[in-house]
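What follows is a single structure, written as structure tokens, with notes after it.
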Amino acid sequence: MHIDYELPVTIIDVLEAKKRLTGYIYKTGMPRSNYLSECCKGEIFLKFENMQRTGSFKIRGAFNKLSSLTEEEKRKGVVACSAGNHAQGVSLSCAILGIDGKVVMPNGAPKSKVAATSDYSAQVVMHGDNFNDTIAKVSEIVEMEGRIFIPPYDDEKVIAGQGTIGLEILEDLYDVDNVIVPIGGGGLIAGIALAIKSINPTINIIGVQAENVHGMAASFYKGELMAHRTTGTLADGCDVSRPGRITYEIVKKLVTDIVLVSEDEIRNSMVALIQRNKVVTEGAGALATAALLSGKLDHYIKGRKTVSIISGGNIDLSRVSQITGSADI
């Protein structure tokens, strides 16, 4: 291990998560994109977490957390809050592990995500219009029912689970130069950065957020934990105004850079992925590719090997037609 300072999560935690996840999640594909490679004048590979079970990377962290609970904690049942992807990861994990689960989702959550969450196993409670509303309801449920709260990103076991993606990247492309990662609360990039930097500290880990919502970028450049949100974003899975405390501690030490992309750049990225790579992705899943196509990362990627994380593909079909009809491509 090359990291010589203490972090709340270690490569040992990630390796243990990999053992827990074996047989329960997919090792997702990572093909080279000819279109993006030509556009960016470098070798671009797409890590297809949109093809993961439940349609996003979130099941990795959720399953690792739930399988790490004591038998007594499992008997109490669990509760989570999410607009969709974490909800589905928790719900399917509960089904696999035989745990009673309840998930609080905001009223505006995509219908496809609500339906999938309910279908996997968990009881869905619709409440409020934003994260603050849902987390308040979760606190009430914890107090009334004694359930164990499963955080969406700011948790050591959740971060370690997401870090297994970093191990898979190095298994398939050991000489990668850059890994581009979407950021919401920071669990995904914290886990990937920890795993990869522990093995090869020369690899650049670069985060991407929407211009409208970028609490982690604001914190990263300010040097202290802070919130930032002006309005909503197409990348609703990353609509987190304030990053996690644990995730921020890891990101500020291990992440090379964080860039911002506009709503138009996200939209055009989603369309390019559909048209050129035959990949359907949600807004959050298109963030990394949006950064590549924007030209903001050219000084990192030209002539080098880069992995772009497609973090999720859970999008209502009605949204797809709206987005393709309004994009510039």
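Simple scheme: letters A, B, ... for chains in structure tokens order, numbers from 1 for residues in each chain, numbers from 1 for ligands in the order shown.
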Inset, instruction - as JSON, numbers by chain, please: all residues of segment 34-187 of chain A that backbone DSSP puts in alpha helix (DSSP H). - result: {"A": [34, 35, 36, 37, 38, 39, 40, 58, 59, 60, 61, 62, 63, 64, 65, 66, 67, 71, 72, 73, 74, 75, 76, 85, 86, 87, 88, 89, 90, 91, 92, 93, 94, 95, 96, 97, 111, 112, 113, 114, 115, 116, 117, 118, 119, 120, 131, 132, 133, 134, 135, 136, 137, 138, 139, 140, 141, 142, 143, 144, 145, 156, 157, 158, 159, 160, 161, 162, 163, 164, 165, 166, 167, 168, 169, 170, 171, 172, 187]}
Inset, instruction - Determine, counting only C-alpha atoms, which protein, DNA and RNA residues have an atom within 6 Å of an atom of segment 51-61 of chain A; residues of the same chain fewer than 6 positions away are not included. Present the result as a PyMOL selection string. - result: chain A and resi 26+86+89+158+161-162+311-314
Env of Cys39 of chain A: 8 Å cut, atoms = only C-alpha atoms, seq-sep filter 3 positions within chain, self excluded. Answer as a PDB file with C-alpha atoms, in the first residue's frame.
```pdb
ATOM      1  CA  TYR A  35     -16.103   7.168 -31.064  1.00  0.00           C
ATOM      2  CA  LEU A  36     -14.907   8.776 -27.829  1.00  0.00           C
ATOM      3  CA  LEU A 293     -16.669  15.622 -24.687  1.00  0.00           C
TER       4      LEU A 293
END
```
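Taking atom CA of Ile99 of chain A as the reference point, atom CA of Arg75 of chain A is found at 7.0 Å.
For the choices A:Ala286, A:Leu273, A:Val78, A:Leu188, the atom-to-atom distance to Pro243 of chain A is smallest for A:Leu188 when using only C-alpha atoms.
Checking A:Val280, A:Leu260, A:Thr306, A:Asp129 one by one against Leu170 of chain A, counting only C-alpha atoms, you find the shortest gap at A:Thr306.
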For Thr22 of chain A, please output as a PDB file with N, CA, C and O atoms, in the first residue's frame all residues within 12 Å (counting only C-alpha atoms; exclusion window: fewer than 2 positions along the same chain).
```pdb
ATOM      1  N   LEU A  15     -10.772  -4.902  -0.284  1.00  0.00           N
ATOM      2  CA  LEU A  15     -10.537  -6.314  -0.610  1.00  0.00           C
ATOM      3  C   LEU A  15     -11.531  -7.218   0.124  1.00  0.00           C
ATOM      4  O   LEU A  15     -12.018  -8.212  -0.438  1.00  0.00           O
ATOM      5  N   GLU A  16     -11.856  -6.873   1.369  1.00  0.00           N
ATOM      6  CA  GLU A  16     -12.866  -7.640   2.112  1.00  0.00           C
ATOM      7  C   GLU A  16     -14.247  -7.484   1.477  1.00  0.00           C
ATOM      8  O   GLU A  16     -15.027  -8.441   1.411  1.00  0.00           O
ATOM      9  N   ALA A  17     -14.538  -6.265   0.994  1.00  0.00           N
ATOM     10  CA  ALA A  17     -15.812  -6.033   0.308  1.00  0.00           C
ATOM     11  C   ALA A  17     -15.903  -6.885  -0.949  1.00  0.00           C
ATOM     12  O   ALA A  17     -16.966  -7.448  -1.263  1.00  0.00           O
ATOM     13  N   LYS A  18     -14.802  -6.980  -1.666  1.00  0.00           N
ATOM     14  CA  LYS A  18     -14.803  -7.790  -2.893  1.00  0.00           C
ATOM     15  C   LYS A  18     -15.175  -9.236  -2.590  1.00  0.00           C
ATOM     16  O   LYS A  18     -15.930  -9.867  -3.336  1.00  0.00           O
ATOM     17  N   LYS A  19     -14.661  -9.780  -1.485  1.00  0.00           N
ATOM     18  CA  LYS A  19     -14.989 -11.153  -1.094  1.00  0.00           C
ATOM     19  C   LYS A  19     -16.482 -11.287  -0.793  1.00  0.00           C
ATOM     20  O   LYS A  19     -17.125 -12.264  -1.187  1.00  0.00           O
ATOM     21  N   ARG A  20     -17.028 -10.301  -0.073  1.00  0.00           N
ATOM     22  CA  ARG A  20     -18.458 -10.357   0.273  1.00  0.00           C
ATOM     23  C   ARG A  20     -19.343 -10.283  -0.982  1.00  0.00           C
ATOM     24  O   ARG A  20     -20.402 -10.905  -1.039  1.00  0.00           O
ATOM     25  N   TYR A  24     -22.551 -12.245  -6.016  1.00  0.00           N
ATOM     26  CA  TYR A  24     -23.800 -11.489  -5.850  1.00  0.00           C
ATOM     27  C   TYR A  24     -23.916 -10.299  -6.800  1.00  0.00           C
ATOM     28  O   TYR A  24     -25.025  -9.826  -7.060  1.00  0.00           O
ATOM     29  N   ILE A  25     -22.803  -9.775  -7.250  1.00  0.00           N
ATOM     30  CA  ILE A  25     -22.841  -8.660  -8.206  1.00  0.00           C
ATOM     31  C   ILE A  25     -22.070  -9.068  -9.470  1.00  0.00           C
ATOM     32  O   ILE A  25     -21.347 -10.057  -9.485  1.00  0.00           O
ATOM     33  N   TYR A  26     -22.236  -8.285 -10.517  1.00  0.00           N
ATOM     34  CA  TYR A  26     -21.535  -8.554 -11.761  1.00  0.00           C
ATOM     35  C   TYR A  26     -20.196  -7.826 -11.784  1.00  0.00           C
ATOM     36  O   TYR A  26     -20.084  -6.714 -11.259  1.00  0.00           O
ATOM     37  N   LYS A  27     -19.197  -8.453 -12.410  1.00  0.00           N
ATOM     38  CA  LYS A  27     -18.022  -7.692 -12.824  1.00  0.00           C
ATOM     39  C   LYS A  27     -18.407  -7.077 -14.166  1.00  0.00           C
ATOM     40  O   LYS A  27     -18.554  -7.789 -15.166  1.00  0.00           O
ATOM     41  N   ARG A  60     -23.304  -2.337  -4.860  1.00  0.00           N
ATOM     42  CA  ARG A  60     -22.019  -2.749  -4.286  1.00  0.00           C
ATOM     43  C   ARG A  60     -21.903  -2.278  -2.835  1.00  0.00           C
ATOM     44  O   ARG A  60     -21.612  -3.064  -1.929  1.00  0.00           O
ATOM     45  N   PHE A  63     -24.908  -3.732  -0.527  1.00  0.00           N
ATOM     46  CA  PHE A  63     -24.762  -5.139  -0.156  1.00  0.00           C
ATOM     47  C   PHE A  63     -23.615  -5.328   0.833  1.00  0.00           C
ATOM     48  O   PHE A  63     -23.732  -6.108   1.792  1.00  0.00           O
ATOM     49  N   ASN A  64     -22.514  -4.604   0.620  1.00  0.00           N
ATOM     50  CA  ASN A  64     -21.385  -4.730   1.550  1.00  0.00           C
ATOM     51  C   ASN A  64     -21.784  -4.275   2.945  1.00  0.00           C
ATOM     52  O   ASN A  64     -21.442  -4.907   3.952  1.00  0.00           O
ATOM     53  N   GLY A 161     -17.437  -0.854  -0.565  1.00  0.00           N
ATOM     54  CA  GLY A 161     -18.147  -1.587  -1.603  1.00  0.00           C
ATOM     55  C   GLY A 161     -18.005  -0.932  -2.966  1.00  0.00           C
ATOM     56  O   GLY A 161     -17.736  -1.597  -3.979  1.00  0.00           O
ATOM     57  N   THR A 164     -14.724  -1.475  -4.984  1.00  0.00           N
ATOM     58  CA  THR A 164     -14.449  -2.685  -5.765  1.00  0.00           C
ATOM     59  C   THR A 164     -14.426  -2.401  -7.267  1.00  0.00           C
ATOM     60  O   THR A 164     -13.810  -3.140  -8.031  1.00  0.00           O
TER      61      THR A 164
END
```
Legend entry - Between atom CA of Lys197 of chain A and atom CA of Ala217 of chain A, distance in Å (one decimal): 19.5 Å
Inset, instruction - Write out as number ranges by chain which residues come within 7 Å of Ile258 of chain A when counting only C-alpha atoms, dropping same-chain ones fewer than 5 positions away. - result: A: 206-208, 217
Limited to all heavy atoms, could you put the picked residues into a file as a compact mmCIF listing (two decimals), in the first residue's frame?
```
# COMPACT_ATOMS: atom_id res chain seq x y z
N ILE A 206 -10.28 11.81 -11.38
CA ILE A 206 -10.88 13.11 -11.68
C ILE A 206 -12.39 13.03 -11.52
O ILE A 206 -13.05 12.15 -12.09
CB ILE A 206 -10.52 13.56 -13.11
CG1 ILE A 206 -9.00 13.65 -13.26
CG2 ILE A 206 -11.17 14.90 -13.45
CD1 ILE A 206 -8.52 13.71 -14.69
N GLY A 207 -12.94 13.92 -10.72
CA GLY A 207 -14.38 13.92 -10.47
C GLY A 207 -15.11 14.89 -11.39
O GLY A 207 -14.53 15.83 -11.92
N VAL A 208 -16.41 14.63 -11.56
CA VAL A 208 -17.26 15.50 -12.39
C VAL A 208 -18.57 15.75 -11.66
O VAL A 208 -19.19 14.83 -11.14
CB VAL A 208 -17.57 14.86 -13.75
CG1 VAL A 208 -18.32 15.86 -14.64
CG2 VAL A 208 -16.30 14.38 -14.44
N ALA A 217 -17.22 19.71 -5.25
CA ALA A 217 -16.25 20.57 -5.94
C ALA A 217 -16.02 21.85 -5.14
O ALA A 217 -14.87 22.29 -4.98
CB ALA A 217 -16.75 20.91 -7.35
```
Sorted per-residue table, segment 45-160 of chain A near segment 249-257 of chain A, closest atoms and distance, 12 Å, only C-alpha atoms, as CSV:
```
residue,atom,partner,partner_atom,distance
A:Asp154,CA,A:Glu249,CA,10.5
A:Asp155,CA,A:Ile250,CA,11.8
A:Glu156,CA,A:Ile250,CA,10.8
A:Ile159,CA,A:Ile250,CA,10.0
A:Ala160,CA,A:Ile250,CA,11.7
```
Can I get the selected residues back with C-alpha atoms, as a tab-separated table (two decimals), in the first residue's frame?
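What landed in out.tsv:
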```tsv
chain	number	residue	atom	x	y	z
A	154	ASP	CA	-21.09	8.57	3.93
A	155	ASP	CA	-20.25	5.21	5.46
A	156	GLU	CA	-17.03	3.16	5.55
A	159	ILE	CA	-17.42	3.39	0.37
A	160	ALA	CA	-15.46	0.13	0.46
```
Proximity of segment 221-325 of chain A to segment 172-185 of chain A: per-residue shortest pair, 12 Å limit, only C-alpha atoms, as a tab-separated table:
```
residue	atom	partner	partner_atom	distance
A:Leu225	CA	A:Gly185	CA	11.7
A:Met226	CA	A:Gly185	CA	11.8
A:Ala227	CA	A:Gly185	CA	10.7
A:His228	CA	A:Gly184	CA	11.4
A:Arg229	CA	A:Gly184	CA	11.6
A:Thr233	CA	A:Gly184	CA	11.4
A:Ala235	CA	A:Gly184	CA	9.0
A:Asp236	CA	A:Gly184	CA	9.0
A:Gly237	CA	A:Gly184	CA	7.1
A:Cys238	CA	A:Gly184	CA	3.8
A:Asp239	CA	A:Gly184	CA	6.1
A:Val240	CA	A:Gly184	CA	5.3
A:Ser241	CA	A:Gly185	CA	7.9
A:Arg242	CA	A:Gly185	CA	6.9
A:Pro243	CA	A:Gly185	CA	4.3
A:Gly244	CA	A:Gly185	CA	5.6
A:Arg245	CA	A:Gly185	CA	9.2
A:Ile246	CA	A:Gly185	CA	9.9
A:Thr247	CA	A:Gly185	CA	7.4
A:Tyr248	CA	A:Gly185	CA	8.6
A:Val251	CA	A:Ile183	CA	10.3
A:Val255	CA	A:Val179	CA	10.1
A:Thr256	CA	A:Asn178	CA	9.6
A:Asp257	CA	A:Ile180	CA	9.7
A:Ile258	CA	A:Ile183	CA	9.0
A:Val259	CA	A:Pro182	CA	9.9
A:Leu260	CA	A:Pro182	CA	10.2
A:Val261	CA	A:Pro182	CA	10.7
A:Ile266	CA	A:Pro182	CA	11.4
A:Glu282	CA	A:Pro182	CA	11.7
A:Gly283	CA	A:Pro182	CA	10.0
A:Ala284	CA	A:Pro182	CA	6.6
A:Gly285	CA	A:Pro182	CA	7.1
A:Ala286	CA	A:Pro182	CA	8.1
A:Leu287	CA	A:Pro182	CA	5.6
A:Ala288	CA	A:Ile180	CA	5.6
A:Thr289	CA	A:Ile180	CA	8.2
A:Ala290	CA	A:Pro182	CA	10.0
A:Ala291	CA	A:Ile180	CA	8.4
A:Leu292	CA	A:Ile180	CA	8.5
A:Lys296	CA	A:Ile180	CA	11.9
A:Leu297	CA	A:Ile180	CA	9.5
A:Asp298	CA	A:Asn178	CA	11.4
A:His299	CA	A:Asn178	CA	11.1
A:Tyr300	CA	A:Asn178	CA	7.3
A:Ile301	CA	A:Asn178	CA	7.2
A:Lys302	CA	A:Asp177	CA	10.5
A:Gly303	CA	A:Asp177	CA	9.9
A:Arg304	CA	A:Asp177	CA	6.2
A:Lys305	CA	A:Val176	CA	5.1
A:Thr306	CA	A:Asn178	CA	4.6
A:Val307	CA	A:Val179	CA	4.8
A:Ser308	CA	A:Ile180	CA	4.9
A:Ile309	CA	A:Val181	CA	5.5
A:Ile310	CA	A:Pro182	CA	8.2
A:Ser311	CA	A:Pro182	CA	7.2
A:Gly312	CA	A:Pro182	CA	10.1
```
Inset, instruction - Give me, please, the distance in Å between atom CA of Thr202 of chain A and atom CA of Ser269 of chain A, quoted to one decimal. - result: 27.8 Å
Inset, instruction - Give the strand (DSSP E or B) residues of segment 7-95 of chain A, as DSSP finds them on the backbone, and put them as a ChimeraX atom specification. - result: /A:32,43-48,56,78-81
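Minimum distance to Gln209 of chain A across A:Cys40, A:Leu234, A:Leu194, A:Val279 (counting only C-alpha atoms) occurs at A:Leu234.
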Inset, instruction - Tell me which protein, DNA and RNA residues are within 12 Å of Asp119 of chain A, counting only C-alpha atoms, leaving out same-chain ones fewer than 2 positions away, and put them as a PyMOL selection string. - result: chain A and resi 54+87-89+91-92+94-95+112-117+121-124
With all heavy atoms kept, could you save the residues just selected as a CSV table (one decimal), in the first residue's frame?
```
chain,number,residue,atom,x,y,z
A,54,THR,N,-29.5,-4.1,-10.6
A,54,THR,CA,-30.3,-2.9,-10.2
A,54,THR,C,-30.0,-1.7,-11.1
A,54,THR,O,-30.6,-0.6,-10.9
A,54,THR,CB,-30.2,-2.5,-8.8
A,54,THR,OG1,-28.9,-1.8,-8.5
A,54,THR,CG2,-30.4,-3.6,-7.8
A,87,ALA,N,-31.8,3.2,-3.2
A,87,ALA,CA,-33.0,2.5,-2.8
A,87,ALA,C,-33.1,1.1,-3.4
A,87,ALA,O,-33.4,0.1,-2.7
A,87,ALA,CB,-34.2,3.3,-3.2
A,88,GLN,N,-32.8,1.0,-4.7
A,88,GLN,CA,-32.9,-0.3,-5.4
A,88,GLN,C,-31.8,-1.2,-4.9
A,88,GLN,O,-32.0,-2.4,-4.7
A,88,GLN,CB,-32.7,-0.1,-6.9
A,88,GLN,CG,-34.0,0.6,-7.5
A,88,GLN,CD,-33.8,0.9,-8.9
A,88,GLN,OE1,-33.8,0.0,-9.8
A,88,GLN,NE2,-33.6,2.2,-9.2
A,89,GLY,N,-30.6,-0.7,-4.6
A,89,GLY,CA,-29.5,-1.5,-4.1
A,89,GLY,C,-29.8,-2.1,-2.8
A,89,GLY,O,-29.5,-3.3,-2.5
A,91,SER,N,-32.8,-2.5,-1.5
A,91,SER,CA,-34.0,-3.4,-1.6
A,91,SER,C,-33.6,-4.8,-2.1
A,91,SER,O,-34.0,-5.8,-1.5
A,91,SER,CB,-35.0,-2.8,-2.5
A,91,SER,OG,-36.2,-3.6,-2.6
A,92,LEU,N,-32.8,-4.9,-3.2
A,92,LEU,CA,-32.4,-6.2,-3.7
A,92,LEU,C,-31.4,-6.9,-2.7
A,92,LEU,O,-31.5,-8.1,-2.5
A,92,LEU,CB,-31.6,-6.0,-5.0
A,92,LEU,CG,-31.1,-7.3,-5.6
A,92,LEU,CD1,-32.3,-8.3,-5.8
A,92,LEU,CD2,-30.5,-7.1,-7.0
A,94,CYS,N,-31.5,-6.6,0.6
A,94,CYS,CA,-32.4,-7.1,1.6
A,94,CYS,C,-33.1,-8.4,1.1
A,94,CYS,O,-33.2,-9.4,1.9
A,94,CYS,CB,-33.5,-6.1,1.9
A,94,CYS,SG,-33.0,-4.7,3.0
A,95,ALA,N,-33.5,-8.5,-0.1
A,95,ALA,CA,-34.1,-9.7,-0.6
A,95,ALA,C,-33.1,-10.9,-0.6
A,95,ALA,O,-33.5,-12.0,-0.2
A,95,ALA,CB,-34.6,-9.5,-2.0
A,112,SER,N,-39.9,4.7,-12.5
A,112,SER,CA,-39.2,3.4,-12.8
A,112,SER,C,-38.4,3.0,-11.6
A,112,SER,O,-38.4,1.8,-11.2
A,112,SER,CB,-38.3,3.5,-14.0
A,112,SER,OG,-37.3,4.5,-13.8
A,113,LYS,N,-37.8,4.0,-10.9
A,113,LYS,CA,-37.0,3.6,-9.7
A,113,LYS,C,-37.9,3.2,-8.5
A,113,LYS,O,-37.5,2.3,-7.8
A,113,LYS,CB,-36.1,4.8,-9.4
A,113,LYS,CG,-35.0,5.1,-10.4
A,113,LYS,CD,-34.1,6.2,-10.0
A,113,LYS,CE,-33.0,6.5,-11.1
A,113,LYS,NZ,-32.1,7.5,-10.7
A,114,VAL,N,-39.0,3.9,-8.4
A,114,VAL,CA,-39.9,3.6,-7.3
A,114,VAL,C,-40.5,2.2,-7.5
A,114,VAL,O,-40.5,1.3,-6.6
A,114,VAL,CB,-41.1,4.6,-7.2
A,114,VAL,CG1,-42.1,4.2,-6.2
A,114,VAL,CG2,-40.6,6.0,-6.9
A,115,ALA,N,-40.9,1.9,-8.7
A,115,ALA,CA,-41.4,0.6,-9.0
A,115,ALA,C,-40.4,-0.6,-8.8
A,115,ALA,O,-40.7,-1.6,-8.2
A,115,ALA,CB,-41.9,0.5,-10.5
A,116,ALA,N,-39.2,-0.3,-9.3
A,116,ALA,CA,-38.2,-1.3,-9.1
A,116,ALA,C,-37.8,-1.6,-7.7
A,116,ALA,O,-37.7,-2.7,-7.2
A,116,ALA,CB,-36.9,-0.9,-9.9
A,117,THR,N,-37.7,-0.5,-6.9
A,117,THR,CA,-37.4,-0.6,-5.5
A,117,THR,C,-38.5,-1.5,-4.8
A,117,THR,O,-38.2,-2.4,-4.0
A,117,THR,CB,-37.4,0.7,-4.8
A,117,THR,OG1,-36.4,1.5,-5.4
A,117,THR,CG2,-37.0,0.6,-3.3
A,121,SER,N,-38.1,-5.9,-3.0
A,121,SER,CA,-38.5,-6.5,-1.7
A,121,SER,C,-39.0,-5.4,-0.7
A,121,SER,O,-39.9,-5.6,0.1
A,121,SER,CB,-37.4,-7.3,-1.0
A,121,SER,OG,-36.4,-6.5,-0.5
A,122,ALA,N,-38.3,-4.2,-0.7
A,122,ALA,CA,-38.5,-3.3,0.4
A,122,ALA,C,-39.9,-2.6,0.3
A,122,ALA,O,-40.4,-2.4,-0.8
A,122,ALA,CB,-37.4,-2.2,0.3
A,123,GLN,N,-40.3,-2.2,1.5
A,123,GLN,CA,-41.5,-1.4,1.5
A,123,GLN,C,-41.1,0.1,1.2
A,123,GLN,O,-40.2,0.6,1.8
A,123,GLN,CB,-42.2,-1.4,2.9
A,123,GLN,CG,-43.4,-0.5,3.1
A,123,GLN,CD,-43.9,-0.5,4.6
A,123,GLN,OE1,-43.4,-1.3,5.4
A,123,GLN,NE2,-44.7,0.5,4.8
A,124,VAL,N,-41.8,0.7,0.3
A,124,VAL,CA,-41.5,2.1,-0.1
A,124,VAL,C,-42.4,3.1,0.6
A,124,VAL,O,-43.6,2.9,0.6
A,124,VAL,CB,-41.6,2.3,-1.6
A,124,VAL,CG1,-41.4,3.7,-2.0
A,124,VAL,CG2,-40.6,1.4,-2.4
```
Inset, instruction - Can you work out which one of A:Ile323, A:Ile12, A:Met30, A:Gly98 has the shortest atom-to-atom distance to Asn50 of chain A, counting only C-alpha atoms? - result: A:Met30
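Proximity ranking of A:Ala83, A:Ile315, A:Leu69, A:Leu21 relative to Ile165 of chain A places A:Leu21 first, based on only C-alpha atoms.
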Inset, instruction - Select, from A:Met105, A:Met216, A:Ile203, A:Ala210, the residue with the minimum atom-to-atom distance to Gly186 of chain A, counting only C-alpha atoms. - result: A:Met216
